file final14.cif (mmCIF, C-alpha atoms)
data_start
#
loop_
_atom_site.group_PDB
_atom_site.id
_atom_site.type_symbol
_atom_site.label_atom_id
_atom_site.label_comp_id
_atom_site.auth_asym_id
_atom_site.auth_seq_id
_atom_site.Cartn_x
_atom_site.Cartn_y
_atom_site.Cartn_z
ATOM 1 C CA MET A 924 88.568 78.348 53.396
ATOM 2 C CA THR A 925 89.570 81.887 54.160
ATOM 3 C CA CYS A 926 86.487 82.320 56.328
ATOM 4 C CA GLU A 927 87.467 79.311 58.425
ATOM 5 C CA LYS A 928 91.014 80.628 58.897
ATOM 6 C CA LYS A 929 89.657 84.029 59.885
ATOM 7 C CA ARG A 930 87.370 82.343 62.432
ATOM 8 C CA GLU A 931 90.336 80.441 63.919
ATOM 9 C CA ILE A 932 92.336 83.664 64.120
ATOM 10 C CA ASP A 933 89.436 85.446 65.820
ATOM 11 C CA GLU A 934 89.126 82.603 68.371
ATOM 12 C CA ASN A 935 92.867 82.760 69.070
ATOM 13 C CA VAL A 936 92.684 86.530 69.563
ATOM 14 C CA ASP A 937 89.733 86.103 71.959
ATOM 15 C CA ASP A 938 91.670 83.463 73.921
ATOM 16 C CA LEU A 939 94.665 85.782 74.034
ATOM 17 C CA ASP A 940 92.493 88.659 75.310
ATOM 18 C CA ILE A 941 91.032 86.449 78.045
ATOM 19 C CA GLY A 942 94.534 85.405 79.066
ATOM 20 C CA ILE A 943 95.710 89.003 79.214
ATOM 21 C CA LEU A 944 92.707 90.050 81.317
ATOM 22 C CA ALA A 945 93.275 87.121 83.684
ATOM 23 C CA SER A 946 96.937 88.034 84.130
ATOM 24 C CA ILE A 947 95.973 91.657 84.849
ATOM 25 C CA ASP A 948 93.531 90.470 87.538
ATOM 26 C CA ILE A 949 96.217 88.251 89.071
ATOM 27 C CA ALA A 950 98.674 91.178 89.098
ATOM 28 C CA LYS A 951 96.100 93.395 90.840
ATOM 29 C CA THR A 952 95.475 90.846 93.609
ATOM 30 C CA GLN A 953 99.210 90.295 94.080
ATOM 31 C CA ARG A 954 99.768 94.060 94.313
ATOM 32 C CA LYS A 955 97.045 94.323 96.974
ATOM 33 C CA LYS A 956 98.640 91.528 99.014
ATOM 34 C CA ILE A 957 102.074 93.143 98.787
ATOM 35 C CA MET A 958 100.692 96.557 99.789
ATOM 36 C CA LYS A 959 98.987 95.011 102.838
ATOM 37 C CA LYS A 960 102.261 93.347 103.844
ATOM 38 C CA ILE A 961 104.188 96.592 103.413
ATOM 39 C CA LEU A 962 101.647 98.528 105.510
ATOM 40 C CA LEU A 963 101.766 95.818 108.187
ATOM 41 C CA GLY A 964 105.563 95.937 108.196
ATOM 42 C CA PHE A 965 105.690 99.730 108.490
ATOM 43 C CA SER A 966 103.097 99.775 111.267
ATOM 44 C CA CYS A 967 105.003 97.076 113.191
ATOM 45 C CA CYS A 968 108.224 99.069 112.800
ATOM 46 C CA ILE A 969 106.596 102.275 114.026
ATOM 47 C CA ILE A 970 104.885 100.588 117.002
ATOM 48 C CA GLY A 971 108.074 98.725 117.955
ATOM 49 C CA LEU A 972 110.211 101.846 117.679
ATOM 50 C CA CYS A 973 107.766 103.871 119.789
ATOM 51 C CA ALA A 974 107.704 101.137 122.442
ATOM 52 C CA VAL A 975 111.500 100.971 122.590
ATOM 53 C CA LEU A 976 111.836 104.754 122.801
ATOM 54 C CA TYR A 977 109.182 104.925 125.527
ATOM 55 C CA ALA A 978 110.987 102.215 127.512
ATOM 56 C CA VAL A 979 114.273 104.114 127.168
ATOM 57 C CA TYR A 980 112.472 107.237 128.419
ATOM 58 C CA LEU A 981 111.195 105.242 131.416
ATOM 59 C CA PHE A 982 114.726 103.998 132.116
ATOM 60 C CA ILE A 983 116.088 107.533 132.030
ATOM 61 C CA SER A 984 113.347 109.254 134.026
ATOM 62 C CA GLY A 985 112.581 106.377 136.398
ATOM 63 C CA MET A 986 109.110 107.682 137.171
ATOM 64 C CA TRP A 987 105.672 108.041 135.642
ATOM 65 C CA THR A 988 102.878 110.567 135.938
ATOM 66 C CA PHE A 989 99.169 110.158 135.296
ATOM 67 C CA MET A 990 96.652 112.998 135.236
ATOM 68 C CA LEU A 991 92.885 112.688 135.622
ATOM 69 C CA GLY A 992 91.267 115.875 134.427
ATOM 70 C CA GLY A 993 88.143 117.218 136.052
ATOM 71 C CA ASN A 994 85.086 118.837 134.524
ATOM 72 C CA ASP A 995 86.488 122.273 135.125
ATOM 73 C CA SER A 996 90.101 123.211 134.664
ATOM 74 C CA ALA A 997 90.717 123.872 138.368
ATOM 75 C CA THR A 998 90.209 120.295 139.581
ATOM 76 C CA ALA A 999 92.601 117.637 138.391
ATOM 77 C CA ILE A 1000 94.191 114.638 140.057
ATOM 78 C CA PHE A 1001 97.864 113.913 139.511
ATOM 79 C CA ILE A 1002 99.227 110.474 140.323
ATOM 80 C CA SER A 1003 102.939 109.822 140.115
ATOM 81 C CA GLY A 1004 105.363 107.182 141.268
ATOM 82 C CA LYS A 1005 108.700 105.486 140.748
ATOM 83 C CA ILE A 1006 109.143 102.584 138.359
ATOM 84 C CA GLY A 1007 111.334 99.567 138.907
ATOM 85 C CA LEU A 1008 113.501 98.092 136.163
ATOM 86 C CA LEU A 1009 111.187 95.221 135.211
ATOM 87 C CA PRO A 1010 108.381 97.080 133.320
ATOM 88 C CA PRO A 1011 110.731 99.045 131.021
ATOM 89 C CA THR A 1012 112.724 95.861 130.376
ATOM 90 C CA ILE A 1013 109.570 94.017 129.323
ATOM 91 C CA ILE A 1014 108.525 96.945 127.118
ATOM 92 C CA ILE A 1015 111.965 96.966 125.447
ATOM 93 C CA ILE A 1016 111.816 93.218 124.786
ATOM 94 C CA VAL A 1017 108.301 93.361 123.329
ATOM 95 C CA GLY A 1018 109.083 96.501 121.316
ATOM 96 C CA SER A 1019 112.267 94.946 119.915
ATOM 97 C CA VAL A 1020 110.417 91.802 118.865
ATOM 98 C CA VAL A 1021 107.693 93.831 117.147
ATOM 99 C CA LEU A 1022 110.344 95.982 115.443
ATOM 100 C CA LEU A 1023 112.227 92.918 114.189
ATOM 101 C CA VAL A 1024 109.006 91.325 112.937
ATOM 102 C CA GLY A 1025 108.210 94.520 111.039
ATOM 103 C CA ILE A 1026 111.673 94.609 109.484
ATOM 104 C CA CYS A 1027 111.414 90.947 108.455
ATOM 105 C CA ILE A 1028 107.989 91.542 106.899
ATOM 106 C CA LEU A 1029 109.335 94.516 104.937
ATOM 107 C CA ILE A 1030 112.394 92.621 103.715
ATOM 108 C CA ARG A 1031 110.320 89.626 102.624
ATOM 109 C CA SER A 1032 107.649 91.736 100.926
ATOM 110 C CA LEU A 1033 110.153 93.916 99.056
ATOM 111 C CA ASN A 1034 112.213 90.942 97.849
ATOM 112 C CA ASN A 1035 110.832 90.109 94.399
ATOM 113 C CA ASP A 1036 113.438 87.449 93.535
ATOM 114 C CA LYS A 1037 111.216 84.457 94.213
#

call {"tool": "encode", "arguments": {"input": "final14.cif", "output": "structure tokens"}}
result
Amino acid sequence: MTCEKKREIDENVDDLDIGILASIDIAKTQRKKIMKKILLGFSCCIIGLCAVLYAVYLFISGMWTFMLGGNDSATAIFISGKIGLLPPTIIIIVGSVVLLVGICILIRSLNNDK
């Protein structure tokens, strides 16, 4: 009789160990998903902020410059021109949307009250 009880206890302990290992695996996969969301949110925020700042720079300067370097340092081609208001406006809109998406992703991924 004591052997049978010990066997039941051993089976319960094995079931408990399997349950603990399964919950650890679930926690690891959830942590990976959350880390991917956080990295995506931060990268969206950085890209959106850079786009907005670049558009503000274009608004302030009103011109752009492009340089094509040659094989030697003496020959290079510089191309420059004036910019209208439409391209910086589009860049600001797209950058703002990407920035807001990044902020929303960060807020949703850091909110653990589900």

call {"tool": "atom_distance", "arguments": {"input": "final14.cif", "atom1": "CA of Val975 (chain A)", "atom2": "CA of Pro1010 (chain A)"}}
result
11.8 Å

call {"tool": "closest_atom_pairs", "arguments": {"input": "final14.cif", "of": "region 999-1019 of chain A", "to": "region 956-969 of chain A", "cutoff": "12 Å", "atoms": "all atoms listed in the file", "output": "CSV"}}
result
residue,atom,partner,partner_atom,distance
A:Val1017,CA,A:Cys967,CA,11.3
A:Gly1018,CA,A:Cys968,CA,8.9
A:Ser1019,CA,A:Cys968,CA,9.2

call {"tool": "write_last_selection", "arguments": {"input": "final14.cif", "atoms": "C-alpha atoms", "output": "PDB file, keeping the file's coordinate frame"}}
result
ATOM      1  CA  VAL A1017     108.301  93.361 123.329  1.00  0.00           C
ATOM      2  CA  GLY A1018     109.083  96.501 121.316  1.00  0.00           C
ATOM      3  CA  SER A1019     112.267  94.946 119.915  1.00  0.00           C
TER       4      SER A1019
END

call {"tool": "resolve_selection", "arguments": {"input": "final14.cif", "expression": "the PyMOL selection byres ((chain A and resi 1015) around 12)", "output": "mmCIF file with C-alpha atoms, in the coordinates of the input"}}
result
data_model
loop_
_atom_site.group_PDB
_atom_site.id
_atom_site.type_symbol
_atom_site.label_atom_id
_atom_site.label_comp_id
_atom_site.auth_asym_id
_atom_site.auth_seq_id
_atom_site.Cartn_x
_atom_site.Cartn_y
_atom_site.Cartn_z
ATOM 1 C CA ILE A 970 104.885 100.588 117.002
ATOM 2 C CA GLY A 971 108.074 98.725 117.955
ATOM 3 C CA LEU A 972 110.211 101.846 117.679
ATOM 4 C CA CYS A 973 107.766 103.871 119.789
ATOM 5 C CA ALA A 974 107.704 101.137 122.442
ATOM 6 C CA VAL A 975 111.500 100.971 122.590
ATOM 7 C CA LEU A 976 111.836 104.754 122.801
ATOM 8 C CA TYR A 977 109.182 104.925 125.527
ATOM 9 C CA ALA A 978 110.987 102.215 127.512
ATOM 10 C CA VAL A 979 114.273 104.114 127.168
ATOM 11 C CA TYR A 980 112.472 107.237 128.419
ATOM 12 C CA LEU A 981 111.195 105.242 131.416
ATOM 13 C CA PHE A 982 114.726 103.998 132.116
ATOM 14 C CA LEU A 1008 113.501 98.092 136.163
ATOM 15 C CA LEU A 1009 111.187 95.221 135.211
ATOM 16 C CA PRO A 1010 108.381 97.080 133.320
ATOM 17 C CA PRO A 1011 110.731 99.045 131.021
ATOM 18 C CA THR A 1012 112.724 95.861 130.376
ATOM 19 C CA ILE A 1013 109.570 94.017 129.323
ATOM 20 C CA ILE A 1014 108.525 96.945 127.118
ATOM 21 C CA ILE A 1016 111.816 93.218 124.786
ATOM 22 C CA VAL A 1017 108.301 93.361 123.329
ATOM 23 C CA GLY A 1018 109.083 96.501 121.316
ATOM 24 C CA SER A 1019 112.267 94.946 119.915
ATOM 25 C CA VAL A 1020 110.417 91.802 118.865
ATOM 26 C CA VAL A 1021 107.693 93.831 117.147
ATOM 27 C CA LEU A 1022 110.344 95.982 115.443
ATOM 28 C CA LEU A 1023 112.227 92.918 114.189
#

call {"tool": "closest_residue", "arguments": {"input": "final14.cif", "among": "A:Ile983, A:Ile941, A:Val1024, A:Met990", "to": "Ile1006 (chain A)", "atoms": "only C-alpha atoms"}}
result
A:Ile983

call {"tool": "atom_distance", "arguments": {"input": "final14.cif", "atom1": "CA of Ile949 (chain A)", "atom2": "CA of Arg1031 (chain A)"}}
result
19.6 Å

call {"tool": "atom_distance", "arguments": {"input": "final14.cif", "atom1": "CA of Leu944 (chain A)", "atom2": "CA of Asn1034 (chain A)"}}
result
25.6 Å

call {"tool": "axis_aligned_box", "arguments": {"input": "final14.cif", "around": "region 1005-1017 of chain A", "padding_each_side": "3 Å", "output": "JSON"}}
result
{"center_x": 110.9, "center_y": 99.4, "center_z": 132.0, "size_x": 11.2, "size_y": 18.3, "size_z": 23.4}
